[in-house]
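Peer 1: The structure file target-v4.pdb (PDB, C-alpha atoms and all ligand atoms) is provided below.
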```
ATOM      1  CA  THR I   1       0.000   0.000   0.000  1.00  0.00           C
ATOM      2  CA  VAL I   2       1.180   3.544  -0.755  1.00  0.00           C
ATOM      3  CA  LEU I   3       0.399   6.379   1.661  1.00  0.00           C
ATOM      4  CA  GLU I   4       0.786  10.017   0.715  1.00  0.00           C
ATOM      5  CA  LEU I   5       1.737  12.511   3.453  1.00  0.00           C
ATOM      6  CA  ARG I   6       2.667  16.123   2.564  1.00  0.00           C
ATOM      7  CA  GLY I   7       4.030  14.987  -0.812  1.00  0.00           C
ATOM      8  CA  PHE I   8       6.018  12.075   0.608  1.00  0.00           C
ATOM      9  CA  ARG I   9       5.154   8.704  -0.933  1.00  0.00           C
ATOM     10  CA  ILE I  10       5.331   6.007   1.738  1.00  0.00           C
ATOM     11  CA  PHE I  11       5.434   2.411   0.479  1.00  0.00           C
ATOM     12  CA  LYS I  12       4.446   0.412   3.573  1.00  0.00           C
ATOM     13  CA  GLY I  13       5.961  -3.063   3.696  1.00  0.00           C
ATOM     14  CA  PHE I  14       7.805  -2.660   0.388  1.00  0.00           C
ATOM     15  CA  LEU I  15      10.521  -5.181   1.367  1.00  0.00           C
ATOM     16  CA  ASP I  16       9.640  -8.629   2.675  1.00  0.00           C
ATOM     17  CA  ALA I  17      11.536 -10.175   5.597  1.00  0.00           C
ATOM     18  CA  ALA I  18      13.919 -12.178   3.391  1.00  0.00           C
ATOM     19  CA  LEU I  19      14.910  -9.136   1.331  1.00  0.00           C
ATOM     20  CA  GLN I  20      15.357  -7.047   4.500  1.00  0.00           C
ATOM     21  CA  ALA I  21      17.813  -9.644   5.802  1.00  0.00           C
ATOM     22  CA  GLU I  22      19.730  -9.698   2.502  1.00  0.00           C
ATOM     23  CA  ILE I  23      20.014  -5.912   2.437  1.00  0.00           C
ATOM     24  CA  LEU I  24      21.137  -5.880   6.064  1.00  0.00           C
ATOM     25  CA  ALA I  25      23.913  -8.333   5.152  1.00  0.00           C
ATOM     26  CA  GLU I  26      25.013  -6.039   2.316  1.00  0.00           C
ATOM     27  CA  ILE I  27      25.121  -3.058   4.686  1.00  0.00           C
ATOM     28  CA  ARG I  28      27.181  -5.068   7.183  1.00  0.00           C
ATOM     29  CA  ASN I  29      29.774  -5.486   4.431  1.00  0.00           C
ATOM     30  CA  VAL I  30      29.704  -1.731   3.791  1.00  0.00           C
ATOM     31  CA  ALA I  31      30.169  -1.056   7.518  1.00  0.00           C
ATOM     32  CA  ALA I  32      33.100  -3.509   7.678  1.00  0.00           C
ATOM     33  CA  CYS I  33      34.967  -1.432   5.054  1.00  0.00           C
ATOM     34  CA  ALA I  34      33.682   1.976   6.194  1.00  0.00           C
ATOM     35  CA  PRO I  35      33.133   1.887   9.966  1.00  0.00           C
ATOM     36  CA  PRO I  36      30.170   3.954  11.220  1.00  0.00           C
ATOM     37  CA  PHE I  37      31.034   7.109  13.179  1.00  0.00           C
ATOM     38  CA  SER I  38      29.130   9.895  14.944  1.00  0.00           C
ATOM     39  CA  PRO I  39      29.714  13.051  12.907  1.00  0.00           C
ATOM     40  CA  MET I  40      30.459  16.240  14.843  1.00  0.00           C
ATOM     41  CA  THR I  41      27.817  18.902  14.302  1.00  0.00           C
ATOM     42  CA  PRO I  42      28.944  22.435  13.384  1.00  0.00           C
ATOM     43  CA  TYR I  43      27.800  23.557  16.868  1.00  0.00           C
ATOM     44  CA  GLY I  44      30.242  21.119  18.507  1.00  0.00           C
ATOM     45  CA  LYS I  45      28.202  18.145  19.710  1.00  0.00           C
ATOM     46  CA  PRO I  46      28.445  14.692  18.136  1.00  0.00           C
ATOM     47  CA  MET I  47      25.279  13.383  16.485  1.00  0.00           C
ATOM     48  CA  THR I  48      23.465  10.626  18.403  1.00  0.00           C
ATOM     49  CA  VAL I  49      23.117   8.710  15.129  1.00  0.00           C
ATOM     50  CA  LYS I  50      26.092   6.741  13.790  1.00  0.00           C
ATOM     51  CA  MET I  51      26.658   7.033  10.058  1.00  0.00           C
ATOM     52  CA  THR I  52      28.554   5.617   7.160  1.00  0.00           C
ATOM     53  CA  SER I  53      28.117   5.784   3.394  1.00  0.00           C
ATOM     54  CA  ALA I  54      28.525   3.912   0.146  1.00  0.00           C
ATOM     55  CA  GLY I  55      28.914   5.277  -3.363  1.00  0.00           C
ATOM     56  CA  LYS I  56      30.941   8.032  -5.027  1.00  0.00           C
ATOM     57  CA  TYR I  57      30.055  10.393  -2.175  1.00  0.00           C
ATOM     58  CA  GLY I  58      29.528  10.033   1.544  1.00  0.00           C
ATOM     59  CA  TRP I  59      27.910  12.487   3.896  1.00  0.00           C
ATOM     60  CA  PHE I  60      30.181  14.162   6.428  1.00  0.00           C
ATOM     61  CA  SER I  61      29.973  16.856   9.070  1.00  0.00           C
ATOM     62  CA  ASP I  62      32.431  18.630  11.351  1.00  0.00           C
ATOM     63  CA  LYS I  63      32.883  22.111  12.805  1.00  0.00           C
ATOM     64  CA  SER I  64      33.201  23.494   9.256  1.00  0.00           C
ATOM     65  CA  GLY I  65      29.717  22.300   8.321  1.00  0.00           C
ATOM     66  CA  TYR I  66      27.818  19.628   6.396  1.00  0.00           C
ATOM     67  CA  ARG I  67      29.161  18.364   3.087  1.00  0.00           C
ATOM     68  CA  TYR I  68      29.796  15.339   0.878  1.00  0.00           C
ATOM     69  CA  GLU I  69      33.224  13.729   0.765  1.00  0.00           C
ATOM     70  CA  THR I  70      34.718  11.200  -1.656  1.00  0.00           C
ATOM     71  CA  HIS I  71      36.592   9.361   1.150  1.00  0.00           C
ATOM     72  CA  HIS I  72      35.784   7.929   4.571  1.00  0.00           C
ATOM     73  CA  PRO I  73      37.601   9.710   7.453  1.00  0.00           C
ATOM     74  CA  ASN I  74      39.948   6.669   7.535  1.00  0.00           C
ATOM     75  CA  GLY I  75      41.242   7.714   4.092  1.00  0.00           C
ATOM     76  CA  ALA I  76      39.643   4.927   2.031  1.00  0.00           C
ATOM     77  CA  LEU I  77      37.164   5.417  -0.790  1.00  0.00           C
ATOM     78  CA  TRP I  78      33.563   4.659   0.218  1.00  0.00           C
ATOM     79  CA  PRO I  79      32.460   1.120  -0.749  1.00  0.00           C
ATOM     80  CA  VAL I  80      30.164   0.699  -3.756  1.00  0.00           C
ATOM     81  CA  ILE I  81      26.402   0.944  -3.223  1.00  0.00           C
ATOM     82  CA  PRO I  82      25.056  -2.609  -2.818  1.00  0.00           C
ATOM     83  CA  ASP I  83      23.071  -4.072  -5.738  1.00  0.00           C
ATOM     84  CA  LEU I  84      19.855  -4.748  -3.829  1.00  0.00           C
ATOM     85  CA  VAL I  85      19.789  -1.145  -2.644  1.00  0.00           C
ATOM     86  CA  ILE I  86      20.243   0.157  -6.203  1.00  0.00           C
ATOM     87  CA  GLU I  87      17.418  -2.176  -7.232  1.00  0.00           C
ATOM     88  CA  ILE I  88      15.011  -0.411  -4.838  1.00  0.00           C
ATOM     89  CA  TRP I  89      15.851   2.939  -6.463  1.00  0.00           C
ATOM     90  CA  ARG I  90      15.192   1.458  -9.921  1.00  0.00           C
ATOM     91  CA  GLN I  91      11.771   0.243  -8.790  1.00  0.00           C
ATOM     92  CA  VAL I  92      10.560   3.485  -7.188  1.00  0.00           C
ATOM     93  CA  VAL I  93      12.411   6.185  -9.200  1.00  0.00           C
ATOM     94  CA  GLY I  94      13.506   4.571 -12.481  1.00  0.00           C
ATOM     95  CA  PHE I  95      16.600   3.981 -14.594  1.00  0.00           C
ATOM     96  CA  GLU I  96      17.318   7.463 -15.897  1.00  0.00           C
ATOM     97  CA  ARG I  97      19.844   8.162 -13.168  1.00  0.00           C
ATOM     98  CA  LEU I  98      21.200   6.116 -10.301  1.00  0.00           C
ATOM     99  CA  PRO I  99      22.083   7.448  -6.847  1.00  0.00           C
ATOM    100  CA  ASP I 100      25.722   8.314  -6.129  1.00  0.00           C
ATOM    101  CA  CYS I 101      25.347   8.255  -2.343  1.00  0.00           C
ATOM    102  CA  CYS I 102      23.808   5.733   0.034  1.00  0.00           C
ATOM    103  CA  LEU I 103      23.917   7.166   3.547  1.00  0.00           C
ATOM    104  CA  ALA I 104      23.408   4.562   6.292  1.00  0.00           C
ATOM    105  CA  ASN I 105      22.124   5.933   9.627  1.00  0.00           C
ATOM    106  CA  PHE I 106      22.264   3.662  12.710  1.00  0.00           C
ATOM    107  CA  TYR I 107      19.940   4.607  15.584  1.00  0.00           C
ATOM    108  CA  GLY I 108      20.717   2.975  18.918  1.00  0.00           C
ATOM    109  CA  GLU I 109      18.557   3.369  22.010  1.00  0.00           C
ATOM    110  CA  GLY I 110      17.810   7.072  22.537  1.00  0.00           C
ATOM    111  CA  ALA I 111      19.231   8.246  19.199  1.00  0.00           C
ATOM    112  CA  ARG I 112      17.295  10.861  17.270  1.00  0.00           C
ATOM    113  CA  MET I 113      17.651  13.279  14.373  1.00  0.00           C
ATOM    114  CA  GLY I 114      16.323  16.810  14.715  1.00  0.00           C
ATOM    115  CA  LEU I 115      14.174  18.536  12.108  1.00  0.00           C
ATOM    116  CA  HIS I 116      16.295  19.576   9.133  1.00  0.00           C
ATOM    117  CA  GLN I 117      16.305  20.069   5.373  1.00  0.00           C
ATOM    118  CA  ASP I 118      18.568  18.101   3.017  1.00  0.00           C
ATOM    119  CA  ARG I 119      20.033  20.732   0.724  1.00  0.00           C
ATOM    120  CA  ASP I 120      23.691  19.820   0.188  1.00  0.00           C
ATOM    121  CA  GLU I 121      22.902  18.124  -3.131  1.00  0.00           C
ATOM    122  CA  ALA I 122      23.364  19.923  -6.459  1.00  0.00           C
ATOM    123  CA  ASP I 123      19.984  19.192  -8.081  1.00  0.00           C
ATOM    124  CA  PHE I 124      16.796  19.045  -6.004  1.00  0.00           C
ATOM    125  CA  SER I 125      14.804  17.703  -8.949  1.00  0.00           C
ATOM    126  CA  TRP I 126      16.086  14.214  -8.039  1.00  0.00           C
ATOM    127  CA  PRO I 127      14.176  12.602  -5.175  1.00  0.00           C
ATOM    128  CA  VAL I 128      15.677  11.120  -2.046  1.00  0.00           C
ATOM    129  CA  VAL I 129      14.668   7.529  -1.259  1.00  0.00           C
ATOM    130  CA  SER I 130      14.642   6.221   2.313  1.00  0.00           C
ATOM    131  CA  VAL I 131      14.690   2.542   3.354  1.00  0.00           C
ATOM    132  CA  SER I 132      13.845   1.639   6.973  1.00  0.00           C
ATOM    133  CA  LEU I 133      15.233  -1.516   8.614  1.00  0.00           C
ATOM    134  CA  GLY I 134      14.999  -2.763  12.201  1.00  0.00           C
ATOM    135  CA  ASP I 135      13.206  -0.920  14.996  1.00  0.00           C
ATOM    136  CA  ASP I 136      10.271   1.414  14.343  1.00  0.00           C
ATOM    137  CA  GLY I 137      11.134   5.106  14.010  1.00  0.00           C
ATOM    138  CA  LEU I 138       8.827   8.072  14.555  1.00  0.00           C
ATOM    139  CA  PHE I 139       9.254  10.197  11.423  1.00  0.00           C
ATOM    140  CA  ARG I 140       8.185  13.845  11.697  1.00  0.00           C
ATOM    141  CA  ILE I 141       7.332  15.867   8.596  1.00  0.00           C
ATOM    142  CA  GLY I 142       7.073  19.666   8.615  1.00  0.00           C
ATOM    143  CA  ASN I 143       7.039  22.238   5.837  1.00  0.00           C
ATOM    144  CA  PRO I 144       9.354  23.611   3.112  1.00  0.00           C
ATOM    145  CA  THR I 145      10.194  26.524   5.436  1.00  0.00           C
ATOM    146  CA  LYS I 146      11.034  26.495   9.145  1.00  0.00           C
ATOM    147  CA  GLY I 147       8.124  26.342  11.576  1.00  0.00           C
ATOM    148  CA  GLY I 148       4.454  25.588  11.089  1.00  0.00           C
ATOM    149  CA  SER I 149       2.557  22.415  11.859  1.00  0.00           C
ATOM    150  CA  THR I 150       4.072  18.942  11.635  1.00  0.00           C
ATOM    151  CA  GLU I 151       2.687  15.434  11.138  1.00  0.00           C
ATOM    152  CA  SER I 152       4.271  12.211  12.336  1.00  0.00           C
ATOM    153  CA  ILE I 153       4.186   8.610  11.154  1.00  0.00           C
ATOM    154  CA  TRP I 154       5.874   5.473  12.454  1.00  0.00           C
ATOM    155  CA  LEU I 155       8.218   3.959   9.864  1.00  0.00           C
ATOM    156  CA  GLN I 156       8.706   0.227  10.166  1.00  0.00           C
ATOM    157  CA  SER I 157      11.234  -2.260   8.879  1.00  0.00           C
ATOM    158  CA  GLY I 158      10.684  -2.750   5.144  1.00  0.00           C
ATOM    159  CA  ASP I 159       9.046   0.636   4.517  1.00  0.00           C
ATOM    160  CA  VAL I 160      10.367   2.759   1.649  1.00  0.00           C
ATOM    161  CA  VAL I 161       9.753   6.523   1.385  1.00  0.00           C
ATOM    162  CA  VAL I 162      10.221   8.675  -1.725  1.00  0.00           C
ATOM    163  CA  MET I 163      10.736  12.397  -1.149  1.00  0.00           C
ATOM    164  CA  GLY I 164      10.429  14.152  -4.485  1.00  0.00           C
ATOM    165  CA  GLY I 165       8.881  17.111  -6.224  1.00  0.00           C
ATOM    166  CA  ASP I 166       7.618  19.827  -3.887  1.00  0.00           C
ATOM    167  CA  ALA I 167       8.406  17.597  -0.867  1.00  0.00           C
ATOM    168  CA  ARG I 168      12.138  17.462  -1.612  1.00  0.00           C
ATOM    169  CA  LEU I 169      12.976  20.438   0.626  1.00  0.00           C
ATOM    170  CA  THR I 170      10.496  19.642   3.395  1.00  0.00           C
ATOM    171  CA  TYR I 171      11.792  19.739   6.966  1.00  0.00           C
ATOM    172  CA  HIS I 172      11.885  16.258   8.519  1.00  0.00           C
ATOM    173  CA  GLY I 173      13.452  14.305  11.349  1.00  0.00           C
ATOM    174  CA  ILE I 174      13.278  11.217  13.574  1.00  0.00           C
ATOM    175  CA  ASP I 175      11.955  11.988  17.081  1.00  0.00           C
ATOM    176  CA  ARG I 176      12.643   8.601  18.614  1.00  0.00           C
ATOM    177  CA  ILE I 177      12.778   4.904  17.938  1.00  0.00           C
ATOM    178  CA  ARG I 178      10.929   2.051  19.636  1.00  0.00           C
ATOM    179  CA  TYR I 179      14.050   0.265  20.812  1.00  0.00           C
ATOM    180  CA  GLY I 180      13.621  -3.503  20.598  1.00  0.00           C
ATOM    181  CA  SER I 181      10.468  -3.416  18.450  1.00  0.00           C
ATOM    182  CA  SER I 182      12.073  -5.460  15.645  1.00  0.00           C
ATOM    183  CA  GLN I 183      14.156  -8.622  15.657  1.00  0.00           C
ATOM    184  CA  LEU I 184      15.986  -7.839  12.418  1.00  0.00           C
ATOM    185  CA  LEU I 185      19.107  -6.347  14.019  1.00  0.00           C
ATOM    186  CA  PRO I 186      20.501  -8.769  16.619  1.00  0.00           C
ATOM    187  CA  LYS I 187      21.432  -5.934  19.002  1.00  0.00           C
ATOM    188  CA  GLY I 188      18.308  -3.899  18.270  1.00  0.00           C
ATOM    189  CA  GLY I 189      18.202  -0.393  16.869  1.00  0.00           C
ATOM    190  CA  ARG I 190      17.144   1.136  13.603  1.00  0.00           C
ATOM    191  CA  LEU I 191      19.028   1.331  10.326  1.00  0.00           C
ATOM    192  CA  ASN I 192      17.905   3.856   7.726  1.00  0.00           C
ATOM    193  CA  LEU I 193      19.351   4.101   4.227  1.00  0.00           C
ATOM    194  CA  THR I 194      18.928   7.241   2.143  1.00  0.00           C
ATOM    195  CA  LEU I 195      19.720   7.163  -1.550  1.00  0.00           C
ATOM    196  CA  ARG I 196      20.668  10.470  -3.112  1.00  0.00           C
ATOM    197  CA  VAL I 197      21.887  12.018  -6.352  1.00  0.00           C
ATOM    198  CA  VAL I 198      24.617  14.357  -5.097  1.00  0.00           C
ATOM    199  CA  ASP I 199      26.125  15.948  -8.237  1.00  0.00           C
TER     200      ASP I 199
HETATM  201  C1  LIG G 201      12.926  14.449   2.986  1.00  0.00           C
HETATM  202  N1  LIG G 201      17.236  10.518   7.660  1.00  0.00           N
HETATM  203  O1  LIG G 201      19.556  11.079   6.467  1.00  0.00           O
HETATM  204  S1  LIG G 201      14.749   9.356   6.192  1.00  0.00           S
HETATM  205  C2  LIG G 201      18.718  11.986   6.534  1.00  0.00           C
HETATM  206  O2  LIG G 201      15.292   8.050   9.096  1.00  0.00           O
HETATM  207  C3  LIG G 201      17.431  11.738   7.207  1.00  0.00           C
HETATM  208  O3  LIG G 201      17.417   8.415   9.174  1.00  0.00           O
HETATM  209  C4  LIG G 201      16.054  10.162   8.425  1.00  0.00           C
HETATM  210  O4  LIG G 201      16.658  12.611   7.325  1.00  0.00           O
HETATM  211  C5  LIG G 201      16.269   8.776   8.923  1.00  0.00           C
HETATM  212  O5  LIG G 201      18.892  13.107   6.045  1.00  0.00           O
HETATM  213  C6  LIG G 201      14.793  10.297   7.657  1.00  0.00           C
HETATM  214  C7  LIG G 201      13.636  10.271   5.283  1.00  0.00           C
HETATM  215  C8  LIG G 201      14.206  11.430   4.521  1.00  0.00           C
HETATM  216  C9  LIG G 201      15.481  11.444   4.060  1.00  0.00           C
HETATM  217  C10 LIG G 201      15.912  12.461   3.231  1.00  0.00           C
HETATM  218  C11 LIG G 201      15.055  13.461   2.858  1.00  0.00           C
HETATM  219  C12 LIG G 201      13.368  12.434   4.196  1.00  0.00           C
HETATM  220  C13 LIG G 201      13.778  13.445   3.365  1.00  0.00           C
HETATM  221  C14 LIG G 201      15.439  14.483   1.986  1.00  0.00           C
HETATM  222  C15 LIG G 201      14.553  15.433   1.606  1.00  0.00           C
HETATM  223  C16 LIG G 201      13.303  15.429   2.128  1.00  0.00           C
HETATM  224 FE    FE G 202      17.241  14.272   6.049  1.00  0.00          FE
END
```
Re-express the file's structure as structure tokens.

Peer 2:
Amino acid sequence: TVLELRGFRIFKGFLDAALQAEILAEIRNVAACAPPFSPMTPYGKPMTVKMTSAGKYGWFSDKSGYRYETHHPNGALWPVIPDLVIEIWRQVVGFERLPDCCLANFYGEGARMGLHQDRDEADFSWPVVSVSLGDDGLFRIGNPTKGGSTESIWLQSGDVVVMGGDARLTYHGIDRIRYGSSQLLPKGGRLNLTLRVVD
């Protein structure tokens, strides 16, 4: 089933349990080559979410600000984006262009992500695709400008969200997770993948 919320297309239960497990295994390989880290925010506090990336570009933040980098902080190139993840993009966006960044966000108990816009990419006409795995996450959706009303929806393991068109610059965040709500990750927590066209 596809839900529509403020221009976001939410494909509930897009990935079955077997595919979720296969994608998780692919992301474990990514994390083995590119260990997850907690980026430092420009205001000097580390993020509660741990991150790593795959593809030509990876997302990075430090006191100088948010940006994309071609290398992991350990000096290595980011690993390639796993095939099954690319396949999701093909199914919900198409073949015209493929993403050049897969950002993997790991939410442990108590981790959250404040309301923000994603605007470090060159061309906002390409959507961002999000894949949720593991514990439920409370996703909050605001407006294209700061402030105003918000709506929230629980994202569950296997859900896929497409943020395109007018929704591309909408403020959004993750308020909290339901730690232990899913058995997919052996230690619990939530894993979210976002697929982006960066340049
Ligand atoms: C709407 N991640 O990585 S995914 C992010 O669940 C991010 O980890 C959240 O926000 C997470 O930037 C939410 C949904 C999402 C991702 C990117 C977007 C929504 C978006 C970009 C533009 C608009
Ligand atoms: Fe975001």

Peer 1: With only C-alpha atoms as the atoms that count, which of I:Cys33, I:Met51, I:Gln156, I:Tyr43 lies nearest to Leu77 of chain I?

Peer 2: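 The answer is I:Cys33, which sits nearest to Leu77 of chain I.
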
Peer 1: Which residues are near Trp154 of chain I? Cut-off 10 Å, all atoms listed in the file, ignore same chain within fewer than 4 positions. Put them as a PDB file with C-alpha atoms, keeping the file's coordinate frame.

Peer 2:
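What ended up in around.pdb:
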```pdb
ATOM      1  CA  ASP I 136      10.271   1.414  14.343  1.00  0.00           C
ATOM      2  CA  GLY I 137      11.134   5.106  14.010  1.00  0.00           C
ATOM      3  CA  LEU I 138       8.827   8.072  14.555  1.00  0.00           C
ATOM      4  CA  PHE I 139       9.254  10.197  11.423  1.00  0.00           C
ATOM      5  CA  ARG I 140       8.185  13.845  11.697  1.00  0.00           C
ATOM      6  CA  ASP I 159       9.046   0.636   4.517  1.00  0.00           C
ATOM      7  CA  ILE I 174      13.278  11.217  13.574  1.00  0.00           C
ATOM      8  CA  ARG I 176      12.643   8.601  18.614  1.00  0.00           C
ATOM      9  CA  ILE I 177      12.778   4.904  17.938  1.00  0.00           C
ATOM     10  CA  ARG I 178      10.929   2.051  19.636  1.00  0.00           C
TER      11      ARG I 178
END
```

Peer 1: Using only C-alpha atoms, which residue out of I:Pro42, I:Pro79, I:Gly158, I:Gly108 lies closest to Leu15 of chain I?

Peer 2: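 Counting only C-alpha atoms, the residue closest to Leu15 of chain I is I:Gly158.
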
Peer 1: Please write out the residues within 9 Å of ligand LIG 201 (chain G) as a ChimeraX atom specification, counting only C-alpha atoms and all ligand atoms.

Peer 2: /I:8,49,51,59,103-107,112-119,124,127-132,137-141,155,160-164,167-174,190-196

Peer 1: I:Gly65, I:Pro46, I:Ser157, I:Gly55: which is nearest Phe11 of chain I, counting only C-alpha atoms?

Peer 2: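 Nearest to Phe11 of chain I: I:Ser157.
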
Peer 1: Report, in Å with one decimal, the straight-line distance from atom CA of Pro144 of chain I to atom CA of Gly7 of chain I.

Peer 2: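 Computed distance, atom CA of Pro144 of chain I to atom CA of Gly7 of chain I, equals 10.9 Å.
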
Peer 1: Taking the file as shown, find all residues satisfying the PyMOL selection byres (((chain I and resi 52) around 9) and not hetatm) and write them as a PyMOL selection string.

Peer 2: chain I and resi 30-31+34-38+50-51+53-54+58-60+72+78+102-106

Peer 1: Given the choices I:Gly142, I:Pro73, I:Gly110, I:Gly44, which gets closest to Leu5 of chain I if the distance is worked out from only C-alpha atoms?

Peer 2: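 Closest to Leu5 of chain I, using only C-alpha atoms: I:Gly142.
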
Peer 1: Could you give me, as a list in words, the residues that sit within 10 Å of (26.0, 21.6, -2.0) in the file's coordinates, counting all atoms listed in the file?

Peer 2: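 The answer, in the requested form, is Tyr66, Arg67, Tyr68, Asp118, Arg119, Asp120, Glu121, Ala122, Asp123, Val198 and Asp199 of chain I.
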
Peer 1: Rank I:Ser181, I:Asn29, I:Gln91, I:Thr41 by their smallest atom-to-atom distance to Glu109 of chain I, using only C-alpha atoms, and report the top residue only.

Peer 2: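 Using only C-alpha atoms, Glu109 of chain I sits closest to I:Ser181.
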
Peer 1: In Å, how far is it from atom CA of Pro39 of chain I to atom CA of Ala25 of chain I?

Peer 2: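 Going from atom CA of Pro39 of chain I over to atom CA of Ala25 of chain I covers 23.5 Å.
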
Peer 1: Would you mind completing segment 104-118 of chain I to N, CA and C atoms and writing the output as a PDB file, in the coordinates of the input?

Peer 2:
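out.pdb, freshly written:
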```
ATOM      1  N   ALA I 104      23.971   5.524   5.333  1.00  0.00           N
ATOM      2  CA  ALA I 104      23.408   4.562   6.292  1.00  0.00           C
ATOM      3  C   ALA I 104      23.445   5.177   7.682  1.00  0.00           C
ATOM      4  N   ASN I 105      22.263   5.354   8.280  1.00  0.00           N
ATOM      5  CA  ASN I 105      22.124   5.933   9.627  1.00  0.00           C
ATOM      6  C   ASN I 105      21.757   4.825  10.606  1.00  0.00           C
ATOM      7  N   PHE I 106      22.536   4.668  11.668  1.00  0.00           N
ATOM      8  CA  PHE I 106      22.264   3.662  12.710  1.00  0.00           C
ATOM      9  C   PHE I 106      21.749   4.371  13.954  1.00  0.00           C
ATOM     10  N   TYR I 107      20.539   4.023  14.384  1.00  0.00           N
ATOM     11  CA  TYR I 107      19.940   4.607  15.584  1.00  0.00           C
ATOM     12  C   TYR I 107      19.956   3.571  16.692  1.00  0.00           C
ATOM     13  N   GLY I 108      20.775   3.802  17.720  1.00  0.00           N
ATOM     14  CA  GLY I 108      20.717   2.975  18.918  1.00  0.00           C
ATOM     15  C   GLY I 108      19.660   3.524  19.856  1.00  0.00           C
ATOM     16  N   GLU I 109      19.550   2.916  21.028  1.00  0.00           N
ATOM     17  CA  GLU I 109      18.557   3.369  22.010  1.00  0.00           C
ATOM     18  C   GLU I 109      18.776   4.849  22.309  1.00  0.00           C
ATOM     19  N   GLY I 110      17.729   5.647  22.211  1.00  0.00           N
ATOM     20  CA  GLY I 110      17.810   7.072  22.537  1.00  0.00           C
ATOM     21  C   GLY I 110      18.298   7.967  21.414  1.00  0.00           C
ATOM     22  N   ALA I 111      18.748   7.399  20.300  1.00  0.00           N
ATOM     23  CA  ALA I 111      19.231   8.246  19.199  1.00  0.00           C
ATOM     24  C   ALA I 111      18.059   8.938  18.508  1.00  0.00           C
ATOM     25  N   ARG I 112      18.325  10.119  17.972  1.00  0.00           N
ATOM     26  CA  ARG I 112      17.295  10.861  17.270  1.00  0.00           C
ATOM     27  C   ARG I 112      17.958  11.752  16.219  1.00  0.00           C
ATOM     28  N   MET I 113      17.136  12.327  15.360  1.00  0.00           N
ATOM     29  CA  MET I 113      17.651  13.279  14.373  1.00  0.00           C
ATOM     30  C   MET I 113      16.682  14.448  14.329  1.00  0.00           C
ATOM     31  N   GLY I 114      17.171  15.624  14.657  1.00  0.00           N
ATOM     32  CA  GLY I 114      16.323  16.810  14.715  1.00  0.00           C
ATOM     33  C   GLY I 114      15.794  17.214  13.347  1.00  0.00           C
ATOM     34  N   LEU I 115      14.774  18.051  13.356  1.00  0.00           N
ATOM     35  CA  LEU I 115      14.174  18.536  12.108  1.00  0.00           C
ATOM     36  C   LEU I 115      15.216  19.280  11.278  1.00  0.00           C
ATOM     37  N   HIS I 116      15.320  18.944  10.028  1.00  0.00           N
ATOM     38  CA  HIS I 116      16.295  19.576   9.133  1.00  0.00           C
ATOM     39  C   HIS I 116      15.825  19.452   7.693  1.00  0.00           C
ATOM     40  N   GLN I 117      16.485  20.208   6.811  1.00  0.00           N
ATOM     41  CA  GLN I 117      16.305  20.069   5.373  1.00  0.00           C
ATOM     42  C   GLN I 117      17.544  19.389   4.809  1.00  0.00           C
ATOM     43  N   ASP I 118      17.407  18.651   3.725  1.00  0.00           N
ATOM     44  CA  ASP I 118      18.568  18.101   3.017  1.00  0.00           C
ATOM     45  C   ASP I 118      18.791  18.968   1.791  1.00  0.00           C
TER      46      ASP I 118
END
```
